[in-house]
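Novice: Here it is, the structure in full.
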Amino acid sequence: MKTLTMGSLFDGIGGFPLAAVHNGIVPVWASEIEAFPIEVTKIRFPDMAHVGDITKLDGAKLPPVDIICGGSPCQDLSVAGARAGIFGERSGLFMEQVRIVKEMRDADRQRGRAALDIRPRFMVWENGVTRS
């Protein structure tokens with residue numbers, strides 16, 4: 001059986017990569033813009049590449065992975081926040097995750113992959129919105 005690979009968007013301190021390694025999945029790359037979380041993940045996952053700001057990434061140029069995970073900012077979705085919804089300035093970054101998945105899948109098709117071989121096969125989106 002092939003080992004699954006994963007890319008992590010809005011990586012923070014590496015929650016998705018940590019869950020991945022505990023389940024036999026290899027984290028290949030991560031996107032994060034905050035310096036401290038990047039330093040934490042460099043220590044915890046020394047073999048994981050850091051690819052930078054999600055808004056500047058081209059999914060066709062990223063190393064293809066089986067799973068893309070991400071937890072976009074939730075301030076615009078929170079009852080305590082601006083309530084601007086999914087298209088708010090911060091929570092709208094979710095659409096960047098969708099864009100990267102589409103670009104990566106299109107690139108795989110252009111490389112001749114088809115059907116279940118097209119990557120990523122899965123996208124996981126986490127959003128920590130709580131209601132009181």
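Quick note on naming: the chains in the structure tokens go A, B, ... in the order shown, residues restart at 1 in each chain, and ligands are numbered from 1 in order of appearance.
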Counting only C-alpha atoms, what is within 12 Å of segment 56-67 of chain A, bar same-chain residues fewer than 4 positions away, as a PyMOL selection string?
Specialist: chain A and resi 2-9+16-17+20+25-33+48-52+93+96-111+113+116-125
Novice: Using the selection just defined, write its residues with N, CA and C atoms as a compact mmCIF listing (two decimals), in the first residue's frame.
Specialist:
# COMPACT_ATOMS: atom_id res chain seq x y z
N LYS A 2 0.53 2.21 -0.82
CA LYS A 2 1.27 3.45 -0.96
C LYS A 2 1.09 4.32 0.28
N THR A 3 2.19 4.93 0.73
CA THR A 3 2.12 5.87 1.85
C THR A 3 1.49 7.17 1.36
N LEU A 4 0.50 7.67 2.09
CA LEU A 4 -0.15 8.93 1.74
C LEU A 4 0.75 10.10 2.13
N THR A 5 0.64 11.19 1.35
CA THR A 5 1.38 12.42 1.63
C THR A 5 0.41 13.56 1.87
N MET A 6 0.90 14.62 2.53
CA MET A 6 0.02 15.72 2.90
C MET A 6 0.72 17.07 2.80
N GLY A 7 -0.03 18.08 2.39
CA GLY A 7 0.40 19.47 2.44
C GLY A 7 -0.50 20.19 3.43
N SER A 8 0.09 21.11 4.19
CA SER A 8 -0.66 21.81 5.24
C SER A 8 -0.70 23.30 4.97
N LEU A 9 -1.89 23.84 4.78
CA LEU A 9 -2.08 25.28 4.59
C LEU A 9 -2.55 25.89 5.91
N PHE A 16 -1.94 19.68 11.88
CA PHE A 16 -2.25 18.69 10.85
C PHE A 16 -1.06 17.76 10.59
N PRO A 17 0.17 18.28 10.47
CA PRO A 17 1.30 17.37 10.29
C PRO A 17 1.47 16.41 11.48
N ALA A 20 -1.01 13.77 11.07
CA ALA A 20 -0.61 12.95 9.93
C ALA A 20 0.41 11.89 10.32
N ILE A 25 0.90 9.09 7.72
CA ILE A 25 0.88 10.00 6.57
C ILE A 25 2.11 10.89 6.64
N VAL A 26 2.76 11.14 5.51
CA VAL A 26 3.99 11.93 5.47
C VAL A 26 3.66 13.39 5.12
N PRO A 27 3.95 14.34 6.05
CA PRO A 27 3.78 15.75 5.72
C PRO A 27 4.94 16.21 4.82
N VAL A 28 4.61 16.70 3.64
CA VAL A 28 5.63 17.07 2.65
C VAL A 28 5.96 18.55 2.71
N TRP A 29 4.94 19.39 2.82
CA TRP A 29 5.16 20.84 2.86
C TRP A 29 4.08 21.53 3.69
N ALA A 30 4.41 22.77 4.09
CA ALA A 30 3.48 23.58 4.90
C ALA A 30 3.55 25.02 4.46
N SER A 31 2.41 25.70 4.55
CA SER A 31 2.31 27.12 4.26
C SER A 31 1.90 27.85 5.53
N GLU A 32 2.71 28.80 5.93
CA GLU A 32 2.45 29.61 7.13
C GLU A 32 3.20 30.92 6.93
N ILE A 33 2.68 32.02 7.51
CA ILE A 33 3.37 33.31 7.37
C ILE A 33 3.95 33.83 8.68
N MET A 48 10.03 18.62 6.50
CA MET A 48 8.89 19.26 5.84
C MET A 48 9.33 20.60 5.25
N ALA A 49 9.04 20.84 3.97
CA ALA A 49 9.38 22.10 3.31
C ALA A 49 8.41 23.19 3.74
N HIS A 50 8.91 24.41 3.82
CA HIS A 50 8.07 25.57 4.12
C HIS A 50 7.94 26.39 2.84
N VAL A 51 6.71 26.53 2.36
CA VAL A 51 6.48 27.11 1.04
C VAL A 51 5.98 28.55 1.07
N GLY A 52 5.74 29.12 2.25
CA GLY A 52 5.40 30.53 2.35
C GLY A 52 3.92 30.87 2.34
N LEU A 93 -9.86 33.65 2.91
CA LEU A 93 -8.64 32.94 2.54
C LEU A 93 -8.92 31.46 2.28
N GLU A 96 -8.49 30.56 -1.19
CA GLU A 96 -7.12 30.31 -1.63
C GLU A 96 -6.81 28.81 -1.53
N GLN A 97 -7.32 28.17 -0.51
CA GLN A 97 -7.14 26.72 -0.35
C GLN A 97 -7.80 25.99 -1.52
N VAL A 98 -9.00 26.39 -1.85
CA VAL A 98 -9.72 25.78 -2.97
C VAL A 98 -8.96 26.01 -4.28
N ARG A 99 -8.44 27.23 -4.47
CA ARG A 99 -7.68 27.55 -5.68
C ARG A 99 -6.46 26.64 -5.82
N ILE A 100 -5.72 26.45 -4.75
CA ILE A 100 -4.52 25.62 -4.78
C ILE A 100 -4.87 24.17 -5.13
N VAL A 101 -5.94 23.66 -4.54
CA VAL A 101 -6.38 22.29 -4.86
C VAL A 101 -6.69 22.18 -6.35
N LYS A 102 -7.43 23.14 -6.88
CA LYS A 102 -7.78 23.11 -8.31
C LYS A 102 -6.54 23.17 -9.19
N GLU A 103 -5.60 24.06 -8.85
CA GLU A 103 -4.37 24.19 -9.64
C GLU A 103 -3.56 22.90 -9.61
N MET A 104 -3.47 22.28 -8.45
CA MET A 104 -2.71 21.04 -8.32
C MET A 104 -3.37 19.92 -9.12
N ARG A 105 -4.68 19.83 -9.05
CA ARG A 105 -5.41 18.78 -9.78
C ARG A 105 -5.29 19.01 -11.30
N ASP A 106 -5.41 20.26 -11.74
CA ASP A 106 -5.26 20.57 -13.17
C ASP A 106 -3.86 20.19 -13.66
N ALA A 107 -2.83 20.47 -12.85
CA ALA A 107 -1.45 20.12 -13.23
C ALA A 107 -1.29 18.61 -13.33
N ASP A 108 -1.90 17.88 -12.43
CA ASP A 108 -1.82 16.41 -12.49
C ASP A 108 -2.49 15.89 -13.77
N ARG A 109 -3.62 16.48 -14.15
CA ARG A 109 -4.29 16.07 -15.40
C ARG A 109 -3.38 16.33 -16.59
N GLN A 110 -2.72 17.49 -16.60
CA GLN A 110 -1.82 17.84 -17.70
C GLN A 110 -0.61 16.90 -17.76
N ARG A 111 -0.24 16.31 -16.63
CA ARG A 111 0.85 15.33 -16.60
C ARG A 111 0.37 13.94 -17.00
N ARG A 113 -2.18 12.16 -15.55
CA ARG A 113 -2.84 11.37 -14.51
C ARG A 113 -4.34 11.48 -14.70
N LEU A 116 -8.71 8.41 -10.12
CA LEU A 116 -8.27 8.37 -8.73
C LEU A 116 -6.79 8.67 -8.54
N ASP A 117 -6.04 8.77 -9.63
CA ASP A 117 -4.61 9.09 -9.52
C ASP A 117 -4.37 10.60 -9.43
N ILE A 118 -5.39 11.40 -9.68
CA ILE A 118 -5.22 12.86 -9.63
C ILE A 118 -5.11 13.30 -8.18
N ARG A 119 -4.12 14.17 -7.92
CA ARG A 119 -3.87 14.64 -6.57
C ARG A 119 -4.17 16.13 -6.46
N PRO A 120 -4.57 16.62 -5.32
CA PRO A 120 -4.88 15.84 -4.12
C PRO A 120 -6.20 15.11 -4.26
N ARG A 121 -6.26 13.97 -3.61
CA ARG A 121 -7.51 13.19 -3.61
C ARG A 121 -8.46 13.71 -2.56
N PHE A 122 -7.91 14.30 -1.49
CA PHE A 122 -8.73 14.76 -0.37
C PHE A 122 -8.34 16.17 0.04
N MET A 123 -9.33 16.94 0.47
CA MET A 123 -9.09 18.25 1.06
C MET A 123 -9.82 18.27 2.40
N VAL A 124 -9.10 18.66 3.44
CA VAL A 124 -9.69 18.78 4.77
C VAL A 124 -9.65 20.24 5.17
N TRP A 125 -10.81 20.77 5.56
CA TRP A 125 -10.89 22.15 6.02
C TRP A 125 -11.38 22.15 7.45
Novice: For atom CA of Phe36 of chain A and atom CA of Gly15 of chain A, quote the distance in Å rounded to one decimal.
Specialist: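 Separation of atom CA of Phe36 of chain A and atom CA of Gly15 of chain A: 14.3 Å.
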